[in-house]
Structures are given as C-alpha cells and as structure tokens.
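So the structure is just underneath, and the comments pick up after that.
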Amino acid sequence: MENYKKMIELAQSAMKNSYSPYSHFKVGACLKTVNGKYFVGTNIENSSYGASICAERSAISCAISSGEKNFEAIAIVSSGDDYCPPCGICRQVLSEFGDNIKVVLAKSPQDYVVYNLSELLPHKFFEGDMK
Ligand code: THU
C-alpha cells in the first residue's frame, strides 16, 4: 500500500543533511521496501566531483547494507523549484532491483508525480546483454 506522503517527508528530512558545498543543490531520497521499511539517503559531494554520490544511491546503499533489496517505491525531493528526476546512473542502479519500482518526484507531500521506473529507463542494460 502506498504511503507517499510519509516517504516524501522522510526524504525532506534526509535532504537537510545534504553535503553539497559545490553545487549547493540538496537532494533527499526515501526508499520503501515491500515489507514496509523506509531507508533514506542524501547527496554527498566531494572535492573530486566524480567521487560524489547521489541521494538515491545513498538510500540504496543504506537499504542493501541493512539486508533489504525488495523495493516498492522511492521518493525524491530537492532544494530546487522543480521535480528532481533521478540521474541515469541512479536509474540503472535502481533497475538492478526491479523494473516496476515507483519513482515519486515531489515538490512537497501534496505535490508529486509518480512514474514507473521502466518508463524512466526503457531498454536498460542488464545481465542478458553480457552474453
Ligand atoms: N543529485 C542527486 O543526488 N540525485 C539526482 O538524481 C540528481 C543529482 C545530486 C548530485 C550532486 O550532488 C547534485 O545533485 C548536483 O548534480
């Protein structure tokens, strides 16, 4: 059962911890597992820019580290004015754990749009492509 409001609030809370001294763009994410657990993440930048990690992958790392990999949905918020779609790398990393994860892009708990991950990443690269 969806509870996007709670996910968005948790993502907003995580966003407050963003370490983004270079872009000044804060992002927060909250993953919900199929068994009803929540894992949050925020973006963590680095002076070597390529070493930065996005909020979504930060949340995935947290969930996997806690033994959870069956995801129902992810909510994403940012300090920007518009919805913050996940970057290509985060789409690919999310898709490792399911094509039907709901991706909730939110400006607030009342203002959000929902996509299916497969809409955002058609024709993903997967194991079968390595044959
Ligand atoms: N960022 C995310 O955390 N998630 C996204 O999907 C888009 C970009 C972060 C990375 C970087 O810290 C900042 O936003 C600007 O790109």
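All residue names refer to the structure tokens as shown: chains lettered A, B, ... in order, residues numbered from 1 in each chain, ligands numbered from 1 in order.
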Would you mind listing, for every residue of chain A within 7 Å of ligand 1, the two atoms forming the shortest contact and the distance between them in Å to one decimal, using only C-alpha atoms and all ligand atoms, sorted by chain and ascending residue number, as a Markdown table?
| residue | atom | partner | partner_atom_place_in_ligand_line | distance |
| --- | --- | --- | --- | --- |
| A:Ser20 | CA | ligand 1 | 12 (O) | 5.6 |
| A:Ser23 | CA | ligand 1 | 15 (C) | 5.4 |
| A:Phe25 | CA | ligand 1 | 13 (C) | 5.3 |
| A:Lys26 | CA | ligand 1 | 14 (O) | 6.3 |
| A:Val27 | CA | ligand 1 | 3 (O) | 4.9 |
| A:Gly28 | CA | ligand 1 | 3 (O) | 7.0 |
| A:Thr42 | CA | ligand 1 | 3 (O) | 6.4 |
| A:Asn43 | CA | ligand 1 | 3 (O) | 4.3 |
| A:Ile44 | CA | ligand 1 | 12 (O) | 6.0 |
| A:Glu45 | CA | ligand 1 | 12 (O) | 5.2 |
| A:Ser52 | CA | ligand 1 | 12 (O) | 6.3 |
| A:Ile53 | CA | ligand 1 | 10 (C) | 6.3 |
| A:Cys54 | CA | ligand 1 | 3 (O) | 3.2 |
| A:Ala55 | CA | ligand 1 | 3 (O) | 4.0 |
| A:Glu56 | CA | ligand 1 | 4 (N) | 6.0 |
| A:Cys84 | CA | ligand 1 | 6 (O) | 6.5 |
| A:Pro85 | CA | ligand 1 | 6 (O) | 5.7 |
| A:Pro86 | CA | ligand 1 | 6 (O) | 3.3 |
| A:Cys87 | CA | ligand 1 | 6 (O) | 4.1 |
| A:Cys90 | CA | ligand 1 | 6 (O) | 6.4 |
File of the preceding selection, N, CA, C and O atoms, as a compact mmCIF listing (two decimals), in the first residue's frame:
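The result, stored in result_34.txt:
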# COMPACT_ATOMS: atom_id res chain seq x y z
N SER A 20 26.56 19.26 0.24
CA SER A 20 26.65 19.71 -1.15
C SER A 20 27.27 21.11 -1.25
O SER A 20 26.64 22.05 -1.75
N SER A 23 27.74 22.16 -5.41
CA SER A 23 26.57 22.52 -6.25
C SER A 23 25.55 23.35 -5.47
O SER A 23 24.73 24.03 -6.08
N PHE A 25 23.10 22.19 -4.27
CA PHE A 25 21.82 21.59 -4.66
C PHE A 25 21.59 20.39 -3.75
O PHE A 25 22.32 19.40 -3.81
N LYS A 26 20.60 20.52 -2.89
CA LYS A 26 20.34 19.46 -1.91
C LYS A 26 19.31 18.49 -2.47
O LYS A 26 18.31 18.91 -3.06
N VAL A 27 19.57 17.21 -2.25
CA VAL A 27 18.63 16.17 -2.70
C VAL A 27 18.41 15.20 -1.55
O VAL A 27 19.33 14.89 -0.78
N GLY A 28 17.17 14.74 -1.42
CA GLY A 28 16.84 13.73 -0.42
C GLY A 28 16.05 12.61 -1.07
O GLY A 28 15.30 12.85 -2.03
N THR A 42 20.90 11.00 1.19
CA THR A 42 21.07 12.36 0.68
C THR A 42 22.31 12.40 -0.19
O THR A 42 23.12 11.46 -0.18
N ASN A 43 22.48 13.48 -0.94
CA ASN A 43 23.67 13.56 -1.79
C ASN A 43 24.89 13.98 -0.97
O ASN A 43 24.79 14.82 -0.06
N ILE A 44 26.00 13.35 -1.29
CA ILE A 44 27.25 13.59 -0.57
C ILE A 44 28.31 13.93 -1.61
O ILE A 44 28.74 13.05 -2.37
N GLU A 45 28.67 15.18 -1.67
CA GLU A 45 29.63 15.62 -2.69
C GLU A 45 31.06 15.51 -2.20
O GLU A 45 31.33 15.29 -1.01
N SER A 52 31.43 11.99 -5.86
CA SER A 52 30.16 12.32 -5.20
C SER A 52 29.16 11.18 -5.39
O SER A 52 29.24 10.41 -6.34
N ILE A 53 28.21 11.11 -4.46
CA ILE A 53 27.14 10.11 -4.59
C ILE A 53 25.79 10.81 -4.49
O ILE A 53 25.62 11.74 -3.70
N CYS A 54 24.88 10.37 -5.32
CA CYS A 54 23.53 10.95 -5.32
C CYS A 54 22.71 10.43 -4.14
O CYS A 54 23.01 9.36 -3.58
N ALA A 55 21.65 11.15 -3.85
CA ALA A 55 20.77 10.78 -2.74
C ALA A 55 20.15 9.40 -2.94
O ALA A 55 20.02 8.62 -1.99
N GLU A 56 19.79 9.10 -4.17
CA GLU A 56 19.11 7.82 -4.44
C GLU A 56 20.04 6.65 -4.17
O GLU A 56 19.65 5.66 -3.52
N CYS A 84 12.75 16.68 -9.21
CA CYS A 84 14.13 16.27 -9.45
C CYS A 84 14.15 14.82 -9.96
O CYS A 84 14.06 13.88 -9.16
N PRO A 85 14.25 14.63 -11.26
CA PRO A 85 14.29 13.25 -11.77
C PRO A 85 15.63 12.60 -11.46
O PRO A 85 16.66 13.29 -11.43
N PRO A 86 15.64 11.31 -11.22
CA PRO A 86 16.91 10.63 -10.92
C PRO A 86 17.83 10.64 -12.13
O PRO A 86 17.38 10.54 -13.28
N CYS A 87 19.12 10.75 -11.88
CA CYS A 87 20.09 10.75 -12.98
C CYS A 87 20.17 9.35 -13.60
O CYS A 87 19.63 8.38 -13.07
N CYS A 90 21.63 6.56 -11.39
CA CYS A 90 20.70 6.12 -10.34
C CYS A 90 19.56 5.30 -10.92
O CYS A 90 19.10 4.34 -10.29
inquiry  = Please return, as number ranges by chain, all residues of range 22-125 of chain A that DSSP assigns to strand (DSSP E or B) on the basis of the backbone.
reply    = A: 27-33, 38-42, 44, 53, 71-78, 102-108, 111-116
query = Using only C-alpha atoms, which of A:Ser95, A:Ser79, A:Asn46, A:Ser118 sits nearest Ala11 in chain A?
reply = A:Ser79
task = Would you mind listing what lies within 7 Å of Ala73 in chain A as a list in words, with only C-alpha atoms counted and same-chain residues fewer than 2 positions away left out?
result =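 The residues that qualify are Leu31, Lys32, Phe71, Ala75, Ile101, Lys102 and Val103 of chain A.
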ask   = Near Glu96 in chain A, within 9 Å and counting only C-alpha atoms, which residues show up once chain neighbours fewer than 4 positions away are dropped, as JSON, numbers by chain?
value = {"A": [91, 92, 126]}
query = With distances taken over only C-alpha atoms, which of A:Val104, A:Leu94, A:Thr33, A:Glu72 is nearest to Lys124 in chain A?
reply = A:Leu94
Close residues, range 65-68 of chain A itself excluded, 12 Å, only C-alpha atoms, min 6 positions apart in chain, as a PDB file with all heavy atoms, in the first residue's frame:
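So the final result, stored in selection_7.pdb, reads:
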ATOM      1  N   LEU A  31      13.512   5.381   0.218  1.00  0.00           N
ATOM      2  CA  LEU A  31      13.096   4.112  -0.380  1.00  0.00           C
ATOM      3  C   LEU A  31      12.142   3.424   0.560  1.00  0.00           C
ATOM      4  O   LEU A  31      12.368   3.414   1.781  1.00  0.00           O
ATOM      5  CB  LEU A  31      14.307   3.195  -0.500  1.00  0.00           C
ATOM      6  CG  LEU A  31      15.125   3.134  -1.773  1.00  0.00           C
ATOM      7  CD1 LEU A  31      16.330   2.232  -1.515  1.00  0.00           C
ATOM      8  CD2 LEU A  31      14.320   2.630  -2.952  1.00  0.00           C
ATOM      9  N   LYS A  32      11.106   2.827   0.000  1.00  0.00           N
ATOM     10  CA  LYS A  32      10.225   1.984   0.814  1.00  0.00           C
ATOM     11  C   LYS A  32      10.343   0.549   0.311  1.00  0.00           C
ATOM     12  O   LYS A  32      10.289   0.303  -0.903  1.00  0.00           O
ATOM     13  CB  LYS A  32       8.774   2.448   0.693  1.00  0.00           C
ATOM     14  CG  LYS A  32       7.848   1.666   1.600  1.00  0.00           C
ATOM     15  CD  LYS A  32       6.401   2.069   1.401  1.00  0.00           C
ATOM     16  CE  LYS A  32       5.516   1.238   2.316  1.00  0.00           C
ATOM     17  NZ  LYS A  32       4.091   1.432   1.985  1.00  0.00           N
ATOM     18  N   THR A  33      10.531  -0.380   1.236  1.00  0.00           N
ATOM     19  CA  THR A  33      10.631  -1.789   0.846  1.00  0.00           C
ATOM     20  C   THR A  33       9.226  -2.394   0.785  1.00  0.00           C
ATOM     21  O   THR A  33       8.262  -1.843   1.341  1.00  0.00           O
ATOM     22  CB  THR A  33      11.473  -2.592   1.855  1.00  0.00           C
ATOM     23  OG1 THR A  33      10.789  -2.612   3.119  1.00  0.00           O
ATOM     24  CG2 THR A  33      12.848  -1.980   2.042  1.00  0.00           C
ATOM     25  N   VAL A  34       9.127  -3.544   0.138  1.00  0.00           N
ATOM     26  CA  VAL A  34       7.814  -4.194   0.028  1.00  0.00           C
ATOM     27  C   VAL A  34       7.299  -4.630   1.401  1.00  0.00           C
ATOM     28  O   VAL A  34       6.087  -4.792   1.582  1.00  0.00           O
ATOM     29  CB  VAL A  34       7.841  -5.391  -0.945  1.00  0.00           C
ATOM     30  CG1 VAL A  34       8.092  -4.936  -2.365  1.00  0.00           C
ATOM     31  CG2 VAL A  34       8.870  -6.426  -0.522  1.00  0.00           C
ATOM     32  N   ASN A  35       8.216  -4.811   2.353  1.00  0.00           N
ATOM     33  CA  ASN A  35       7.751  -5.175   3.699  1.00  0.00           C
ATOM     34  C   ASN A  35       7.625  -3.966   4.625  1.00  0.00           C
ATOM     35  O   ASN A  35       7.584  -4.098   5.845  1.00  0.00           O
ATOM     36  CB  ASN A  35       8.635  -6.281   4.310  1.00  0.00           C
ATOM     37  CG  ASN A  35      10.101  -5.925   4.317  1.00  0.00           C
ATOM     38  OD1 ASN A  35      10.471  -4.803   3.976  1.00  0.00           O
ATOM     39  ND2 ASN A  35      10.937  -6.869   4.709  1.00  0.00           N
ATOM     40  N   GLY A  36       7.551  -2.785   4.017  1.00  0.00           N
ATOM     41  CA  GLY A  36       7.168  -1.590   4.781  1.00  0.00           C
ATOM     42  C   GLY A  36       8.264  -0.886   5.556  1.00  0.00           C
ATOM     43  O   GLY A  36       7.972  -0.099   6.454  1.00  0.00           O
ATOM     44  N   LYS A  37       9.514  -1.132   5.188  1.00  0.00           N
ATOM     45  CA  LYS A  37      10.608  -0.404   5.854  1.00  0.00           C
ATOM     46  C   LYS A  37      11.041   0.777   4.991  1.00  0.00           C
ATOM     47  O   LYS A  37      10.904   0.735   3.763  1.00  0.00           O
ATOM     48  CB  LYS A  37      11.800  -1.334   6.097  1.00  0.00           C
ATOM     49  CG  LYS A  37      11.495  -2.433   7.109  1.00  0.00           C
ATOM     50  CD  LYS A  37      12.723  -3.297   7.341  1.00  0.00           C
ATOM     51  CE  LYS A  37      12.379  -4.465   8.251  1.00  0.00           C
ATOM     52  NZ  LYS A  37      13.401  -5.517   8.205  1.00  0.00           N
ATOM     53  N   TYR A  38      11.584   1.781   5.640  1.00  0.00           N
ATOM     54  CA  TYR A  38      11.997   3.008   4.949  1.00  0.00           C
ATOM     55  C   TYR A  38      13.495   3.231   5.140  1.00  0.00           C
ATOM     56  O   TYR A  38      14.010   3.067   6.250  1.00  0.00           O
ATOM     57  CB  TYR A  38      11.245   4.219   5.515  1.00  0.00           C
ATOM     58  CG  TYR A  38       9.742   4.143   5.318  1.00  0.00           C
ATOM     59  CD1 TYR A  38       8.929   3.554   6.282  1.00  0.00           C
ATOM     60  CD2 TYR A  38       9.149   4.652   4.170  1.00  0.00           C
ATOM     61  CE1 TYR A  38       7.548   3.471   6.095  1.00  0.00           C
ATOM     62  CE2 TYR A  38       7.777   4.586   3.978  1.00  0.00           C
ATOM     63  CZ  TYR A  38       6.984   3.988   4.947  1.00  0.00           C
ATOM     64  OH  TYR A  38       5.630   3.905   4.761  1.00  0.00           O
ATOM     65  N   PHE A  39      14.146   3.622   4.055  1.00  0.00           N
ATOM     66  CA  PHE A  39      15.580   3.934   4.106  1.00  0.00           C
ATOM     67  C   PHE A  39      15.801   5.252   3.375  1.00  0.00           C
ATOM     68  O   PHE A  39      15.331   5.420   2.251  1.00  0.00           O
ATOM     69  CB  PHE A  39      16.401   2.822   3.451  1.00  0.00           C
ATOM     70  CG  PHE A  39      16.301   1.519   4.191  1.00  0.00           C
ATOM     71  CD1 PHE A  39      15.339   0.583   3.843  1.00  0.00           C
ATOM     72  CD2 PHE A  39      17.139   1.249   5.260  1.00  0.00           C
ATOM     73  CE1 PHE A  39      15.214  -0.606   4.546  1.00  0.00           C
ATOM     74  CE2 PHE A  39      17.033   0.058   5.969  1.00  0.00           C
ATOM     75  CZ  PHE A  39      16.063  -0.872   5.616  1.00  0.00           C
ATOM     76  N   VAL A  40      16.526   6.143   4.024  1.00  0.00           N
ATOM     77  CA  VAL A  40      16.730   7.460   3.412  1.00  0.00           C
ATOM     78  C   VAL A  40      18.171   7.643   2.957  1.00  0.00           C
ATOM     79  O   VAL A  40      19.081   6.911   3.369  1.00  0.00           O
ATOM     80  CB  VAL A  40      16.348   8.596   4.393  1.00  0.00           C
ATOM     81  CG1 VAL A  40      14.878   8.513   4.762  1.00  0.00           C
ATOM     82  CG2 VAL A  40      17.252   8.592   5.620  1.00  0.00           C
ATOM     83  N   ARG A  57      21.276   6.749  -4.658  1.00  0.00           N
ATOM     84  CA  ARG A  57      22.208   5.640  -4.418  1.00  0.00           C
ATOM     85  C   ARG A  57      22.634   5.586  -2.959  1.00  0.00           C
ATOM     86  O   ARG A  57      22.943   4.514  -2.436  1.00  0.00           O
ATOM     87  CB  ARG A  57      23.413   5.751  -5.354  1.00  0.00           C
ATOM     88  CG  ARG A  57      23.094   5.194  -6.735  1.00  0.00           C
ATOM     89  CD  ARG A  57      24.231   5.371  -7.705  1.00  0.00           C
ATOM     90  NE  ARG A  57      24.363   6.761  -8.097  1.00  0.00           N
ATOM     91  CZ  ARG A  57      25.517   7.392  -8.261  1.00  0.00           C
ATOM     92  NH1 ARG A  57      26.646   6.757  -8.051  1.00  0.00           N
ATOM     93  NH2 ARG A  57      25.539   8.663  -8.624  1.00  0.00           N
ATOM     94  N   SER A  58      22.627   6.720  -2.311  1.00  0.00           N
ATOM     95  CA  SER A  58      22.904   6.743  -0.882  1.00  0.00           C
ATOM     96  C   SER A  58      21.815   5.949  -0.133  1.00  0.00           C
ATOM     97  O   SER A  58      22.111   5.134   0.762  1.00  0.00           O
ATOM     98  CB  SER A  58      22.949   8.214  -0.455  1.00  0.00           C
ATOM     99  OG  SER A  58      23.094   8.370   0.895  1.00  0.00           O
ATOM    100  N   ALA A  59      20.557   6.145  -0.523  1.00  0.00           N
ATOM    101  CA  ALA A  59      19.445   5.407   0.113  1.00  0.00           C
ATOM    102  C   ALA A  59      19.530   3.912  -0.209  1.00  0.00           C
ATOM    103  O   ALA A  59      19.286   3.062   0.662  1.00  0.00           O
ATOM    104  CB  ALA A  59      18.105   5.980  -0.360  1.00  0.00           C
ATOM    105  N   PHE A  97      17.263  -3.714  -9.043  1.00  0.00           N
ATOM    106  CA  PHE A  97      16.387  -4.292  -8.016  1.00  0.00           C
ATOM    107  C   PHE A  97      14.923  -4.321  -8.434  1.00  0.00           C
ATOM    108  O   PHE A  97      14.048  -4.571  -7.606  1.00  0.00           O
ATOM    109  CB  PHE A  97      16.582  -3.515  -6.696  1.00  0.00           C
ATOM    110  CG  PHE A  97      18.026  -3.512  -6.268  1.00  0.00           C
ATOM    111  CD1 PHE A  97      18.818  -2.387  -6.440  1.00  0.00           C
ATOM    112  CD2 PHE A  97      18.613  -4.660  -5.763  1.00  0.00           C
ATOM    113  CE1 PHE A  97      20.162  -2.399  -6.102  1.00  0.00           C
ATOM    114  CE2 PHE A  97      19.952  -4.689  -5.418  1.00  0.00           C
ATOM    115  CZ  PHE A  97      20.731  -3.551  -5.586  1.00  0.00           C
TER     116      PHE A  97
END
request  = Please indicate the distance in Å from CA of Ser13 in chain A to CA of Pro109 in chain A, rounded to one decimal place.
outcome  =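 That distance, rounded to one decimal, is 11.9 Å.
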key: Nearest candidate to His24 in chain A (options A:Gly80, A:Ser108, A:Lys6, A:Glu127; using only C-alpha atoms)   = A:Gly80
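Nearest to Asp99 in chain A of all the residues A:Met130, A:Leu121, A:Ala14, A:Val77 is A:Leu121, counting only C-alpha atoms.
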ask   = What is the CA of Val113 in chain A-CA of Tyr83 in chain A distance in Å, reported with one decimal?
value =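 Separating CA of Val113 in chain A from CA of Tyr83 in chain A is a distance of 8.3 Å.
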ask   = Of the candidates A:Phe125, A:Tyr112, A:Tyr22, A:Tyr49, which one gets nearest to Glu9 in chain A if we count only C-alpha atoms?
value =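 Under the stated criterion, the closest residue is A:Tyr112.
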